[in-house]
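Structure data (mmCIF, C-alpha atoms and all ligand atoms) from upload_8.cif:
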```cif
data_query
loop_
_atom_site.label_atom_id
_atom_site.label_comp_id
_atom_site.auth_asym_id
_atom_site.auth_seq_id
_atom_site.Cartn_x
_atom_site.Cartn_y
_atom_site.Cartn_z
CA MET A 177 50.74 34.11 -4.93
CA ASN A 178 53.15 32.47 -7.40
CA PRO A 179 54.37 34.36 -10.49
CA LYS A 180 52.29 32.19 -12.81
CA SER A 181 49.01 33.07 -11.12
CA LEU A 182 50.07 36.72 -10.87
CA GLY A 183 50.48 36.69 -14.65
CA VAL A 184 47.06 35.11 -15.07
CA VAL A 185 45.49 37.75 -12.81
CA PHE A 186 47.11 40.51 -14.81
CA ALA A 187 45.97 39.06 -18.14
CA LEU A 188 42.44 38.65 -16.79
CA LEU A 189 42.38 42.22 -15.51
CA LEU A 190 43.49 43.37 -18.94
CA ALA A 191 40.80 41.28 -20.62
CA ALA A 192 38.21 42.64 -18.21
CA ALA A 193 39.28 46.21 -18.90
CA GLN A 194 39.15 45.66 -22.66
CA ALA A 195 35.81 43.94 -22.35
CA SER A 196 34.28 46.69 -20.27
CA ARG A 197 35.37 49.26 -22.85
CA ALA A 198 33.75 47.16 -25.56
CA GLN A 199 30.36 46.71 -23.98
CA GLU A 200 29.03 45.47 -27.25
CA LEU A 201 29.00 42.12 -28.89
CA SER A 202 31.34 41.55 -31.80
CA SER A 203 29.77 40.11 -34.94
CA ALA A 204 31.18 36.67 -34.05
CA GLU A 205 29.61 36.98 -30.58
CA LYS A 206 26.27 37.97 -32.11
CA LYS A 207 26.37 34.76 -34.12
CA LEU A 208 27.05 32.87 -30.90
CA THR A 209 23.95 34.27 -29.22
CA GLN A 210 21.83 33.57 -32.30
CA SER A 211 23.06 30.02 -32.24
CA VAL A 212 22.12 29.72 -28.53
CA GLU A 213 18.64 31.06 -29.28
CA ALA A 214 18.17 28.73 -32.23
CA ARG A 215 18.86 25.74 -30.00
CA LEU A 216 16.71 26.71 -27.01
CA GLY A 217 14.11 24.03 -27.78
CA GLU A 218 16.83 21.41 -28.09
CA GLU A 219 18.37 22.68 -24.84
CA MET A 220 15.08 22.27 -22.94
CA ALA A 221 14.68 18.77 -24.38
CA ALA A 222 18.19 17.89 -23.18
CA LEU A 223 17.37 19.22 -19.71
CA GLU A 224 14.17 17.16 -19.64
CA LYS A 225 16.08 14.06 -20.65
CA VAL A 226 18.74 14.33 -17.93
CA VAL A 227 16.34 15.45 -15.18
CA ASN A 228 14.25 12.35 -15.87
CA ILE A 229 17.22 10.09 -15.18
CA ASP A 230 17.33 9.69 -11.38
CA SER A 231 20.92 10.19 -10.28
CA GLY A 232 21.22 10.59 -6.53
CA THR A 233 24.89 10.28 -5.56
CA PHE A 234 24.44 6.66 -4.44
CA ASN A 235 22.50 5.69 -7.57
CA THR A 236 25.73 4.91 -9.38
CA GLU A 237 24.01 3.49 -12.48
CA GLY A 238 21.85 6.61 -12.79
CA VAL A 239 24.88 8.89 -12.43
CA ARG A 240 26.68 6.83 -15.07
CA GLU A 241 23.70 7.15 -17.42
CA VAL A 242 23.59 10.93 -17.11
CA GLY A 243 27.33 10.80 -17.78
CA ARG A 244 26.76 8.77 -20.97
CA PHE A 245 24.45 11.48 -22.30
CA PHE A 246 27.07 14.21 -21.85
CA GLU A 247 29.83 11.91 -23.07
CA LYS A 248 28.08 11.41 -26.43
CA GLU A 249 27.18 15.07 -26.80
CA LEU A 250 30.71 16.25 -26.05
CA GLN A 251 32.26 13.67 -28.35
CA ALA A 252 30.08 15.08 -31.15
CA LEU A 253 31.76 18.45 -30.51
CA GLY A 254 35.22 16.96 -31.02
CA PHE A 255 35.99 16.36 -27.34
CA LYS A 256 37.88 13.26 -26.26
CA ALA A 257 35.74 11.95 -23.44
CA ARG A 258 36.41 9.21 -20.93
CA TRP A 259 34.81 7.87 -17.81
CA ILE A 260 36.99 7.74 -14.71
CA PRO A 261 35.73 4.98 -12.40
CA MET A 262 36.25 5.15 -8.65
CA PRO A 263 37.39 2.14 -6.57
CA GLU A 264 34.61 -0.32 -5.67
CA ALA A 265 34.98 0.34 -1.93
CA MET A 266 34.23 4.04 -2.42
CA HIS A 267 30.66 3.34 -3.67
CA ARG A 268 30.70 6.24 -6.11
CA ALA A 269 29.98 6.17 -9.84
CA GLY A 270 33.05 8.05 -11.05
CA HIS A 271 33.48 11.15 -13.20
CA LEU A 272 33.28 12.22 -16.83
CA VAL A 273 36.17 14.18 -18.27
CA ALA A 274 36.12 15.53 -21.83
CA GLU A 275 38.98 17.44 -23.39
CA ARG A 276 39.78 19.41 -26.51
CA ILE A 277 43.45 20.10 -26.36
CA SER A 278 45.44 22.34 -28.62
CA SER A 279 49.21 21.99 -28.59
CA LYS A 280 49.40 25.78 -28.96
CA PRO A 281 46.29 27.28 -27.36
CA SER A 282 45.71 30.81 -28.61
CA GLY A 283 44.22 31.96 -25.30
CA LYS A 284 43.31 30.80 -21.84
CA ARG A 285 42.97 27.10 -21.17
CA VAL A 286 39.48 26.83 -19.74
CA LEU A 287 38.15 24.26 -17.28
CA LEU A 288 34.34 23.92 -17.09
CA ILE A 289 32.96 22.18 -14.00
CA GLY A 290 29.64 20.48 -13.36
CA HIS A 291 28.26 17.46 -11.53
CA LEU A 292 26.04 14.58 -12.61
CA ASP A 293 24.61 13.59 -9.23
CA THR A 294 21.77 15.12 -7.24
CA VAL A 295 21.21 15.31 -3.49
CA PHE A 296 17.80 13.77 -3.99
CA GLU A 297 17.93 9.95 -3.91
CA GLY A 298 15.15 7.73 -5.20
CA GLN A 299 12.66 8.72 -7.85
CA GLY A 300 12.52 12.49 -8.14
CA HIS A 301 9.86 14.71 -9.67
CA ARG A 302 9.55 14.23 -13.43
CA PHE A 303 10.46 17.20 -15.56
CA GLN A 304 7.62 19.68 -15.92
CA ASN A 305 7.87 23.10 -17.59
CA ASP A 306 4.81 25.34 -17.37
CA GLY A 307 6.66 28.34 -18.78
CA ALA A 308 6.93 30.05 -15.39
CA VAL A 309 8.91 27.36 -13.57
CA ILE A 310 10.59 24.10 -14.43
CA ARG A 311 10.17 21.36 -11.84
CA GLY A 312 12.29 18.26 -11.45
CA ALA A 313 14.88 16.71 -9.18
CA GLY A 314 18.25 18.33 -9.79
CA VAL A 315 16.85 20.75 -12.39
CA MET A 316 18.63 23.59 -10.64
CA ASP A 317 21.45 21.72 -8.81
CA MET A 318 22.79 21.20 -11.26
CA LYS A 319 21.53 19.55 -14.39
CA GLY A 320 20.41 23.02 -15.52
CA GLY A 321 24.01 24.23 -15.22
CA ASP A 322 25.37 21.15 -16.99
CA VAL A 323 23.06 21.79 -19.93
CA VAL A 324 24.01 25.51 -19.99
CA LEU A 325 27.67 24.43 -20.17
CA LEU A 326 26.98 21.95 -22.98
CA PHE A 327 24.92 24.33 -25.11
CA ALA A 328 27.43 27.15 -24.68
CA LEU A 329 30.00 24.74 -26.12
CA LYS A 330 27.64 23.79 -28.96
CA ALA A 331 27.31 27.45 -29.90
CA LEU A 332 31.07 27.94 -29.70
CA ASP A 333 31.62 24.88 -31.87
CA SER A 334 29.12 26.06 -34.52
CA ALA A 335 30.87 29.42 -34.61
CA GLY A 336 34.22 27.68 -35.12
CA LEU A 337 35.53 29.18 -31.89
CA LEU A 338 36.75 25.90 -30.39
CA LYS A 339 39.41 25.54 -33.12
CA GLY A 340 42.85 25.92 -31.57
CA ALA A 341 41.35 26.13 -28.10
CA THR A 342 42.08 24.08 -25.02
CA VAL A 343 38.88 23.34 -23.11
CA ARG A 344 38.34 20.69 -20.46
CA VAL A 345 34.95 19.67 -19.13
CA PHE A 346 34.88 17.87 -15.80
CA LEU A 347 31.55 16.51 -14.59
CA THR A 348 31.89 14.78 -11.23
CA GLY A 349 29.59 11.97 -10.14
CA ASP A 350 29.64 12.64 -6.41
CA GLU A 351 29.72 16.40 -5.78
CA GLU A 352 26.90 16.22 -3.26
CA ASN A 353 28.72 13.61 -1.20
CA PRO A 354 32.32 13.32 -2.33
CA GLY A 355 33.90 9.88 -2.10
CA LEU A 356 36.54 9.53 0.61
CA PRO A 357 39.36 10.11 0.70
CA THR A 358 38.90 13.27 -1.35
CA SER A 359 42.60 13.07 -2.25
CA GLU A 360 41.52 10.13 -4.39
CA SER A 361 38.02 11.15 -5.52
CA ARG A 362 39.23 14.65 -6.52
CA ARG A 363 42.66 13.68 -7.90
CA ASP A 364 41.56 13.87 -11.55
CA VAL A 365 39.77 17.22 -11.35
CA VAL A 366 42.88 18.63 -9.66
CA ALA A 367 44.98 17.20 -12.51
CA ALA A 368 42.66 18.89 -15.05
CA ALA A 369 43.07 22.19 -13.18
CA ARG A 370 46.82 21.84 -13.30
CA GLU A 371 46.56 21.96 -17.11
CA SER A 372 44.15 24.93 -17.09
CA ASP A 373 44.32 28.69 -16.49
CA VAL A 374 40.78 29.47 -15.35
CA ALA A 375 37.78 27.50 -14.09
CA LEU A 376 34.08 28.23 -14.49
CA SER A 377 31.70 26.20 -12.36
CA PHE A 378 28.04 25.96 -13.31
CA GLU A 379 26.43 25.41 -9.92
CA PRO A 380 23.06 27.20 -9.72
CA ALA A 381 22.47 30.91 -9.60
CA LEU A 382 19.94 31.96 -6.96
CA ALA A 383 16.49 33.19 -7.91
CA THR A 384 16.86 35.97 -5.39
CA SER A 385 20.25 37.11 -6.69
CA ALA A 386 20.64 35.73 -10.20
CA ALA A 387 22.92 38.64 -11.08
CA ALA A 388 25.61 37.44 -8.69
CA LEU A 389 28.46 34.95 -8.73
CA LEU A 390 30.31 33.03 -6.06
CA LEU A 391 33.97 34.01 -5.88
CA GLY A 392 34.66 31.78 -2.90
CA ARG A 393 33.17 29.00 -0.80
CA ARG A 394 34.16 27.69 2.57
CA GLY A 395 36.17 24.51 2.95
CA LEU A 396 35.18 21.67 5.24
CA SER A 397 36.97 19.73 7.96
CA THR A 398 35.36 17.19 10.22
CA TRP A 399 36.38 16.77 13.84
CA SER A 400 36.00 14.11 16.45
CA LEU A 401 36.08 14.78 20.19
CA ASP A 402 36.65 11.88 22.57
CA VAL A 403 36.39 12.47 26.30
CA THR A 404 37.23 9.98 29.02
CA ALA A 405 36.86 10.19 32.81
CA PRO A 406 37.17 7.66 35.63
CA GLY A 407 33.44 7.40 36.40
CA GLY A 408 32.30 6.37 39.89
CA HIS A 409 29.32 6.82 42.19
CA SER A 410 27.12 9.78 41.23
CA ALA A 411 26.93 10.84 44.86
CA PHE A 412 30.44 12.22 44.40
CA VAL A 413 30.07 13.95 41.02
CA LEU A 414 31.78 17.35 40.82
CA ARG A 415 33.55 16.46 44.06
CA PRO A 416 37.20 15.51 44.31
CA ARG A 417 36.50 11.80 44.59
CA SER A 418 34.66 11.27 41.22
CA GLY A 419 35.51 14.41 39.31
CA THR A 420 33.27 15.86 36.62
CA GLY A 421 32.68 12.90 34.38
CA ALA A 422 32.91 12.83 30.59
CA ILE A 423 29.54 14.42 29.80
CA TYR A 424 30.18 17.58 31.84
CA GLU A 425 33.62 17.88 30.26
CA ALA A 426 32.29 17.42 26.72
CA SER A 427 29.55 19.96 27.47
CA ARG A 428 32.12 22.47 28.74
CA ILE A 429 34.12 22.05 25.54
CA LEU A 430 31.06 22.46 23.30
CA ASP A 431 29.99 25.55 25.19
CA GLY A 432 33.49 26.91 24.64
CA PHE A 433 33.13 26.27 20.89
CA ARG A 434 29.73 27.98 20.94
CA ALA A 435 31.15 31.07 22.59
CA ALA A 436 34.21 31.19 20.32
CA PHE A 437 32.42 30.74 16.99
CA SER A 438 29.13 32.60 17.41
CA SER A 439 30.12 35.13 14.75
CA GLY A 440 32.58 35.53 11.88
CA ASN A 441 33.40 33.43 8.83
CA VAL A 442 34.11 30.22 10.71
CA THR A 443 31.36 27.91 11.90
CA VAL A 444 31.78 24.88 14.14
CA ASN A 445 28.87 22.47 14.36
CA PRO A 446 28.55 19.43 16.64
CA GLY A 447 26.28 17.07 14.73
CA LEU A 448 26.25 13.99 16.96
CA PHE A 449 26.78 13.48 20.72
CA LEU A 450 27.13 10.18 22.56
CA GLY A 451 27.77 10.06 26.29
CA GLY A 452 27.50 7.61 29.18
CA THR A 453 29.40 4.79 30.79
CA ASP A 454 30.13 3.23 27.42
CA VAL A 455 29.68 4.61 23.91
CA ALA A 456 30.14 3.03 20.50
CA TYR A 457 30.20 4.88 17.20
CA ASP A 458 29.88 3.36 13.73
CA PRO A 459 31.34 5.74 11.11
CA ALA A 460 29.82 3.79 8.21
CA LYS A 461 26.31 4.49 9.51
CA SER A 462 27.09 7.86 11.08
CA ALA A 463 25.28 6.48 14.13
CA GLY A 464 26.09 5.07 17.54
CA THR A 465 24.86 3.83 20.90
CA SER A 466 25.46 4.86 24.47
CA ALA A 467 24.71 3.14 27.76
CA GLY A 468 24.78 4.59 31.26
CA LYS A 469 22.90 4.91 34.52
CA TYR A 470 21.67 7.98 36.37
CA ASN A 471 23.68 7.00 39.44
CA VAL A 472 26.99 6.47 37.67
CA VAL A 473 29.34 9.33 36.66
CA SER A 474 29.84 9.13 32.89
CA ARG A 475 33.09 7.61 31.67
CA SER A 476 32.92 8.41 27.96
CA ALA A 477 31.64 10.97 25.52
CA THR A 478 32.09 11.20 21.75
CA VAL A 479 31.11 14.18 19.62
CA LYS A 480 31.30 14.38 15.79
CA GLY A 481 31.16 17.73 14.07
CA ASP A 482 32.35 19.96 11.26
CA LEU A 483 34.38 23.13 10.83
CA ARG A 484 33.89 25.46 7.87
CA ALA A 485 36.29 28.26 6.95
CA LEU A 486 36.87 30.48 3.94
CA GLU A 487 40.65 30.66 4.21
CA GLU A 488 43.33 28.20 5.20
CA LYS A 489 44.74 30.51 7.86
CA GLU A 490 41.25 30.98 9.36
CA ARG A 491 40.84 27.23 9.44
CA GLU A 492 44.17 26.69 11.18
CA ALA A 493 43.47 29.49 13.68
CA ALA A 494 40.09 27.94 14.47
CA LYS A 495 41.69 24.56 15.05
CA GLY A 496 44.19 26.20 17.40
CA ARG A 497 41.41 27.87 19.36
CA MET A 498 39.46 24.59 19.59
CA ARG A 499 42.55 22.73 20.82
CA GLU A 500 43.06 25.37 23.53
CA ILE A 501 39.47 24.97 24.70
CA VAL A 502 39.84 21.20 24.76
CA ALA A 503 43.12 21.33 26.66
CA ALA A 504 41.62 23.23 29.63
CA SER A 505 40.19 20.00 31.06
CA LEU A 506 38.01 19.80 34.14
CA PRO A 507 39.30 17.69 37.06
CA LYS A 508 39.92 14.00 36.28
CA ALA A 509 38.68 14.28 32.68
CA ALA A 510 40.80 14.00 29.55
CA ALA A 511 39.80 14.99 26.04
CA LYS A 512 41.24 14.32 22.59
CA LEU A 513 40.34 16.30 19.48
CA GLU A 514 41.14 15.15 15.95
CA PHE A 515 40.56 16.84 12.60
CA ASP A 516 40.18 15.55 9.07
CA ASP A 517 40.45 18.14 6.27
CA LEU A 518 38.03 17.00 3.57
CA VAL A 519 37.59 20.06 1.36
CA PRO A 520 40.04 22.93 0.91
CA PRO A 521 38.82 26.51 1.41
CA PHE A 522 38.04 28.51 -1.78
CA PRO A 523 39.01 32.03 -0.75
CA VAL A 524 37.96 35.14 -2.65
CA THR A 525 40.98 36.40 -4.63
CA GLU A 526 41.72 39.24 -7.04
CA GLY A 527 42.12 36.63 -9.78
CA ASN A 528 38.58 35.39 -9.11
CA ARG A 529 37.32 38.98 -9.17
CA ALA A 530 39.02 39.61 -12.51
CA LEU A 531 37.46 36.44 -13.91
CA MET A 532 34.04 37.58 -12.69
CA GLN A 533 34.56 40.81 -14.62
CA VAL A 534 35.00 38.84 -17.84
CA VAL A 535 31.66 37.10 -17.19
CA ASN A 536 30.12 40.40 -16.13
CA ALA A 537 31.23 42.16 -19.31
CA ALA A 538 29.76 39.32 -21.38
CA GLY A 539 26.46 39.63 -19.51
CA ARG A 540 26.44 43.43 -19.81
CA ALA A 541 27.02 43.21 -23.55
CA LEU A 542 23.96 40.94 -23.67
CA GLY A 543 21.91 43.53 -21.79
CA GLN A 544 22.01 41.62 -18.47
CA ALA A 545 22.30 43.20 -15.03
CA THR A 546 25.69 44.00 -13.52
CA LEU A 547 27.03 41.09 -11.48
CA THR A 548 27.69 41.34 -7.77
CA GLU A 549 29.59 39.00 -5.44
CA ARG A 550 27.53 36.44 -3.55
CA ASP A 551 28.24 35.99 0.15
CA PRO A 552 30.89 33.24 0.14
CA VAL A 553 29.96 31.97 3.60
CA ALA A 554 26.28 31.56 2.80
CA SER A 555 26.62 28.24 1.00
CA GLY A 556 28.40 24.91 1.25
CA PHE A 557 31.45 23.79 -0.68
CA GLY A 558 31.59 22.83 -4.35
CA ASP A 559 34.02 21.11 -6.67
CA ALA A 560 35.62 24.49 -7.43
CA ASN A 561 37.06 24.32 -3.88
CA PHE A 562 39.39 21.56 -5.04
CA VAL A 563 40.85 23.50 -7.97
CA CYS A 564 40.95 27.09 -6.72
CA SER A 565 44.55 26.91 -5.48
CA LEU A 566 45.65 26.18 -9.08
CA VAL A 567 43.42 28.47 -11.19
CA SER A 568 41.28 31.56 -10.88
CA ALA A 569 37.73 30.32 -10.43
CA VAL A 570 34.15 31.53 -10.23
CA ASP A 571 31.02 29.55 -9.45
CA GLY A 572 27.26 29.98 -9.85
CA LEU A 573 27.09 30.24 -13.65
CA GLY A 574 24.15 27.86 -13.84
CA VAL A 575 20.42 28.46 -14.07
CA ALA A 576 18.47 30.51 -11.54
CA GLY A 577 16.11 28.63 -9.28
CA ASP A 578 14.96 27.83 -5.80
CA GLY A 579 14.42 24.99 -3.36
CA LEU A 580 18.04 23.85 -3.47
CA HIS A 581 18.60 20.25 -2.28
CA SER A 582 14.87 19.64 -1.75
CA PRO A 583 12.69 17.37 -3.88
CA ASP A 584 10.76 20.52 -4.85
CA GLU A 585 13.68 22.07 -6.67
CA ILE A 586 12.62 24.51 -9.38
CA ALA A 587 14.44 26.43 -12.09
CA ASP A 588 13.53 29.58 -13.93
CA PRO A 589 13.08 28.65 -17.62
CA LYS A 590 13.72 32.26 -18.61
CA SER A 591 17.24 32.05 -17.18
CA VAL A 592 18.35 29.13 -19.39
CA GLY A 593 18.91 31.07 -22.64
CA PRO A 594 20.57 34.15 -21.08
CA MET A 595 22.90 32.08 -18.87
CA THR A 596 23.90 29.96 -21.89
CA ALA A 597 24.56 33.02 -24.06
CA ARG A 598 26.56 34.67 -21.28
CA ALA A 599 28.66 31.54 -20.79
CA ALA A 600 29.29 31.22 -24.54
CA VAL A 601 30.43 34.84 -24.89
CA ALA A 602 32.55 34.71 -21.72
CA ILE A 603 34.24 31.46 -22.78
CA ALA A 604 34.86 32.87 -26.28
CA ARG A 605 36.57 35.91 -24.74
CA LEU A 606 38.68 33.78 -22.42
CA LEU A 607 39.72 31.54 -25.30
CA SER A 608 40.98 34.59 -27.20
CA THR A 609 42.69 36.24 -24.21
CA PRO A 610 46.39 35.45 -24.40
CA ASN A 611 48.18 34.36 -21.25
ZN ZN A 701 25.51 21.38 -6.89
#
```
Let's see the structure in the file written out as C-alpha cells.
Ligand SMILES: [Zn+2]
Amino acid sequence: MNPKSLGVVFALLLAAAQASRAQELSSAEKKLTQSVEARLGEEMAALEKVVNIDSGTFNTEGVREVGRFFEKELQALGFKARWIPMPEAMHRAGHLVAERISSKPSGKRVLLIGHLDTVFEGQGHRFQNDGAVIRGAGVMDMKGGDVVLLFALKALDSAGLLKGATVRVFLTGDEENPGLPTSESRRDVVAAARESDVALSFEPALATSAAALLLGRRGLSTWSLDVTAPGGHSAFVLRPRSGTGAIYEASRILDGFRAAFSSGNVTVNPGLFLGGTDVAYDPAKSAGTSAGKYNVVSRSATVKGDLRALEEKEREAAKGRMREIVAASLPKAAAKLEFDDLVPPFPVTEGNRALMQVVNAAGRALGQATLTERDPVASGFGDANFVCSLVSAVDGLGVAGDGLHSPDEIADPKSVGPMTARAAVAIARLLSTPN
C-alpha cells in the first residue's frame, strides 16, 4: 500500500471512529434528511422517467438519452457535465462525467459511480409502482441507484454542503458489457479516480441482505485454449500411431481445470467448445463451427472461457496452475493457452472497510440496521473494479430489489428514501473529513 492510501485509510478510520461515537444526526444532517423526504415524490417521478427510457447497452441512443436526463439535473446543481463518446468501432454510447471541483477541497474528494445502461435489451417493462414493489427494466440495476445518487446530491446542494467540495459523478454507458479494450472504455473513470480519495458505487443492494455492502468484487480474464493433433484413422486412436487427438487432449485439460478450481475464490468456466477435424471461431459473434467424422481422429479443438479472481495474486496463481495443466500434453497433442485481462480484481481492503464504517455510521444515525459485508465472490464485476487500486471503494449503495438482470427486475420502493438519506449523510461526512 502506498503512503497516500495509508493516509486515506487512517483518516477514514478516524472519521469512522468519530462517527460511531456520534451516532446522532447533526442539525445540518437532519435538514439533509428532511430535504430527501420532501423530494421523495420527485425522486419517484425521476425514476419512472429514466426506467421508461429503454437503454440496453447496445441501444446507444437510449443510453445517451438517459445520460441527457442526468446531465441536465447535475448541471442544475452546479456540476460541469460532459459526454465522453467512445470510438465508432466500439459500438458503445459513451459515458457521462459531471464534476464540481474546488481548488481547495475542505474534505475528501468523492467519486460517485453509476451506469446508464441495462442488461435488458429491447423494450422493457414500463415503470409500475404498487407501493409494495416497483417494476421496470433496470429499476434495480441500476437506475434506482443512479436516482439515489442524484437526489442525495440535491439534498446536499440545498443544504449548501457542496460549497467548497470536490465531487465527481461518473455514469458509464456500458457497465453491463464494457467496450473493448477496457483500457480505452475505462480510461476516463480511472482518470476521475486519480483525482479522488474515495469512491461510492450505487449498484443495487439485495432484497435479502439490504443491510450489507460490497467491499470487493472479482476481476475477470478471458482465456482461449487451442489444441492441435495430427489426426489420422480412428482405428488407431489412443495408440502410438494416431495419438490421442485434439478432443481428448482438450477434455483432459478441462477436467484438470475442473479438479483444480472446484472450490475457493477462483472460478474457471469454459463457455464454448469446438472440436473436430477443422474448427472456425468468430469472436464478433461469439460463435463457431466444427466439422469432423466419427472415423477420423480430431485435429483441432478450441475452448473459450473465463477466469474470475478476487485478488491479483490469486489470478496470477490460477493462470500458473492452468498453464501447468495445459503443458502436461497427451501423446502427439499440443495445446496453447492465452489470457486476456479485461477487468481488474477489486480486493477487500482495510480502506474499503473503513469507508463502509462511514456509511454504516450514517445509516445507524438514521435508525437503519448495522451493515455487514456482502460475499465478494457472489457477484460479477462492476465499474468500481476499475478504480479500486486508486481509491478506497464500496459498492451496493443503491436500492434494494430482486430479479437482477432479468426482465422482471423489481425494486423495493421503501428502500429509496432511506438509501438516499444514508448516501446524503455519508457523503456530507466524507466531504467534511480532512485528508
Ligand atoms: Zn449494475
Show me which residues line ligand ZN 701 (chain A), defined as having an atom within 6 Å of a ligand atom where only C-alpha atoms and all ligand atoms count, and present them as a PDB file with C-alpha atoms, keeping the file's coordinate frame.
```
ATOM      1  CA  ASP A 317      21.450  21.720  -8.810  1.00  0.00           C
ATOM      2  CA  MET A 318      22.790  21.200 -11.260  1.00  0.00           C
ATOM      3  CA  GLU A 379      26.430  25.410  -9.920  1.00  0.00           C
TER       4      GLU A 379
END
```
Discussion item. Let me make sure I understand: among A:Ala436, A:Val323, A:Met262, A:Ala387, which one has the smallest atom-to-atom distance to Glu360 of chain A if we use all atoms listed in the file?
Written reply: A:Met262
Just want the 10 Å neighbourhood of Glu371 of chain A, counted on only C-alpha atoms, with same-chain residues fewer than 5 positions away dropped. Output as an mmCIF file with C-alpha atoms, in the coordinates of the input.
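Output file result_37.cif follows:
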```
data_model
loop_
_atom_site.group_PDB
_atom_site.id
_atom_site.type_symbol
_atom_site.label_atom_id
_atom_site.label_comp_id
_atom_site.auth_asym_id
_atom_site.auth_seq_id
_atom_site.Cartn_x
_atom_site.Cartn_y
_atom_site.Cartn_z
ATOM 1 C CA ILE A 277 43.450 20.100 -26.360
ATOM 2 C CA ARG A 285 42.970 27.100 -21.170
ATOM 3 C CA VAL A 286 39.480 26.830 -19.740
ATOM 4 C CA LEU A 287 38.150 24.260 -17.280
ATOM 5 C CA THR A 342 42.080 24.080 -25.020
ATOM 6 C CA VAL A 343 38.880 23.340 -23.110
ATOM 7 C CA ARG A 344 38.340 20.690 -20.460
ATOM 8 C CA VAL A 366 42.880 18.630 -9.660
ATOM 9 C CA LEU A 566 45.650 26.180 -9.080
ATOM 10 C CA VAL A 567 43.420 28.470 -11.190
#
```
Counting all atoms listed in the file, give me one row per residue of segment 447-475 of chain A with an atom at most 8 Å from an atom of segment 423-431 of chain A, showing the shortest contact pair and its distance in Å to one decimal, sorted by chain then residue number, as a Markdown table.
```
| residue | atom | partner | partner_atom | distance |
| --- | --- | --- | --- | --- |
| A:Gly451 | CA | A:Ile423 | CA | 5.9 |
| A:Gly452 | CA | A:Ile423 | CA | 7.1 |
| A:Ser474 | CA | A:Ile423 | CA | 6.1 |
| A:Arg475 | CA | A:Ile423 | CA | 7.9 |
```
Fill in: Sel. within 7 Å of pt (21.6, 30.5, -17.1), counting all atoms listed in the file, output as a ChimeraX atom specification
/A:321,324,573-576,591-596
Can you spit out the residues from that selection as a compact mmCIF listing (two decimals), keeping the file's coordinate frame, using C-alpha atoms?
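again_8.txt, freshly written:
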```
# COMPACT_ATOMS: atom_id res chain seq x y z
CA GLY A 321 24.01 24.23 -15.22
CA VAL A 324 24.01 25.51 -19.99
CA LEU A 573 27.09 30.24 -13.65
CA GLY A 574 24.15 27.86 -13.84
CA VAL A 575 20.42 28.46 -14.07
CA ALA A 576 18.47 30.51 -11.54
CA SER A 591 17.24 32.05 -17.18
CA VAL A 592 18.35 29.13 -19.39
CA GLY A 593 18.91 31.07 -22.64
CA PRO A 594 20.57 34.15 -21.08
CA MET A 595 22.90 32.08 -18.87
CA THR A 596 23.90 29.96 -21.89
```
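Atom CA of Arg540 of chain A to atom CA of Arg598 of chain A spans 8.9 Å [interatomic distance, one decimal].
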Please tabulate, as JSON lines, the residues of segment 430-450 of chain A that come within 10 Å of segment 463-472 of chain A, each with its closest pair of atoms and the distance in Å to one decimal, counting all atoms listed in the file and ordering rows by chain, then residue number upward.
```
{"residue": "A:Leu448", "atom": "CA", "partner": "A:Ala463", "partner_atom": "CA", "distance": 8.1}
{"residue": "A:Phe449", "atom": "CA", "partner": "A:Gly464", "partner_atom": "CA", "distance": 9.0}
{"residue": "A:Leu450", "atom": "CA", "partner": "A:Ser466", "partner_atom": "CA", "distance": 5.9}
```
Please, could you write that set of residues out with C-alpha atoms as a compact mmCIF listing (two decimals), keeping the file's coordinate frame?
```
# COMPACT_ATOMS: atom_id res chain seq x y z
CA LEU A 448 26.25 13.99 16.96
CA PHE A 449 26.78 13.48 20.72
CA LEU A 450 27.13 10.18 22.56
```
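The smallest atom-to-atom distance between Pro281 of chain A and any of A:Lys339, A:Glu237, A:Phe378, A:Ile260, using all atoms listed in the file, is found for A:Lys339.
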Worksheet item: Of the candidates A:Ser278, A:Ser397, A:Ser582, A:Gly543, which one gets nearest to Glu492 of chain A if we count all atoms listed in the file?
Response: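 Ranked by minimum distance to Glu492 of chain A, first place goes to A:Ser397.
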Discussion item. Can you measure atom CA of Met266 of chain A to atom CA of Arg302 of chain A for me? One decimal in Å is fine.
Written reply: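 Separating atom CA of Met266 of chain A from atom CA of Arg302 of chain A is a distance of 28.9 Å.
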Worksheet item: When distances are computed from all atoms listed in the file, which of A:Val563, A:Ala510, A:Leu223, A:Ala503 shows the smallest separation from Ala405 of chain A?
Response: A:Ala510
Item to complete: Would you mind telling me which residue in A:Arg258, A:Lys461, A:Lys495, A:Arg605 lies nearest to Leu531 of chain A when using only C-alpha atoms?
Response: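 Residue with the minimum atom-to-atom distance to Leu531 of chain A: A:Arg605.
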Worksheet item: Smallest atom-to-atom distance to Val524 of chain A: which of A:Gly556, A:Gly392, A:Pro263, A:Gly539, using only C-alpha atoms?
Response: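 Checking each of A:Gly556, A:Gly392, A:Pro263, A:Gly539 against Val524 of chain A, counting only C-alpha atoms, the winner is A:Gly392.
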Worksheet item: Which neighbours of Glu219 of chain A fall inside 12 Å, counting all atoms listed in the file, when residues of the same chain fewer than 5 positions from it are skipped, and could you give them as a list in words?
Response: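 The neighbour list is Ser211, Val212, Glu213, Ala214, Glu224, Lys225, Val226, Glu249, Lys319, Gly320, Gly321, Asp322, Val323, Val324, Leu325, Leu326, Phe327, Ala328, Leu329, Lys330, Ala331, Pro589, Val592, Gly593 and Thr596 of chain A.
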Taking every listed atom of segment 235-251 of chain A and adding 8 Å to each side, what centre and edge lengths in Å (one decimal) does the axis-aligned box have, as AutoDock Vina command-line options?
```
--center_x 27.1 --center_y 9.9 --center_z -18.0 --size_x 26.4 --size_y 28.8 --size_z 36.8
```
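Around Leu486 of chain A, within 7 Å and counting all atoms listed in the file, the residues found are A:Arg393, A:Arg394, A:Gly395, A:Asn441, A:Pro521, A:Phe522, A:Pro523, once anything fewer than 5 positions away on its own chain is removed.
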Output C-alpha atoms of each residue in that selection to a file, as an mmCIF file, in the frame of the given file.
```
data_model
loop_
_atom_site.group_PDB
_atom_site.id
_atom_site.type_symbol
_atom_site.label_atom_id
_atom_site.label_comp_id
_atom_site.auth_asym_id
_atom_site.auth_seq_id
_atom_site.Cartn_x
_atom_site.Cartn_y
_atom_site.Cartn_z
ATOM 1 C CA ARG A 393 33.170 29.000 -0.800
ATOM 2 C CA ARG A 394 34.160 27.690 2.570
ATOM 3 C CA GLY A 395 36.170 24.510 2.950
ATOM 4 C CA ASN A 441 33.400 33.430 8.830
ATOM 5 C CA PRO A 521 38.820 26.510 1.410
ATOM 6 C CA PHE A 522 38.040 28.510 -1.780
ATOM 7 C CA PRO A 523 39.010 32.030 -0.750
#
```
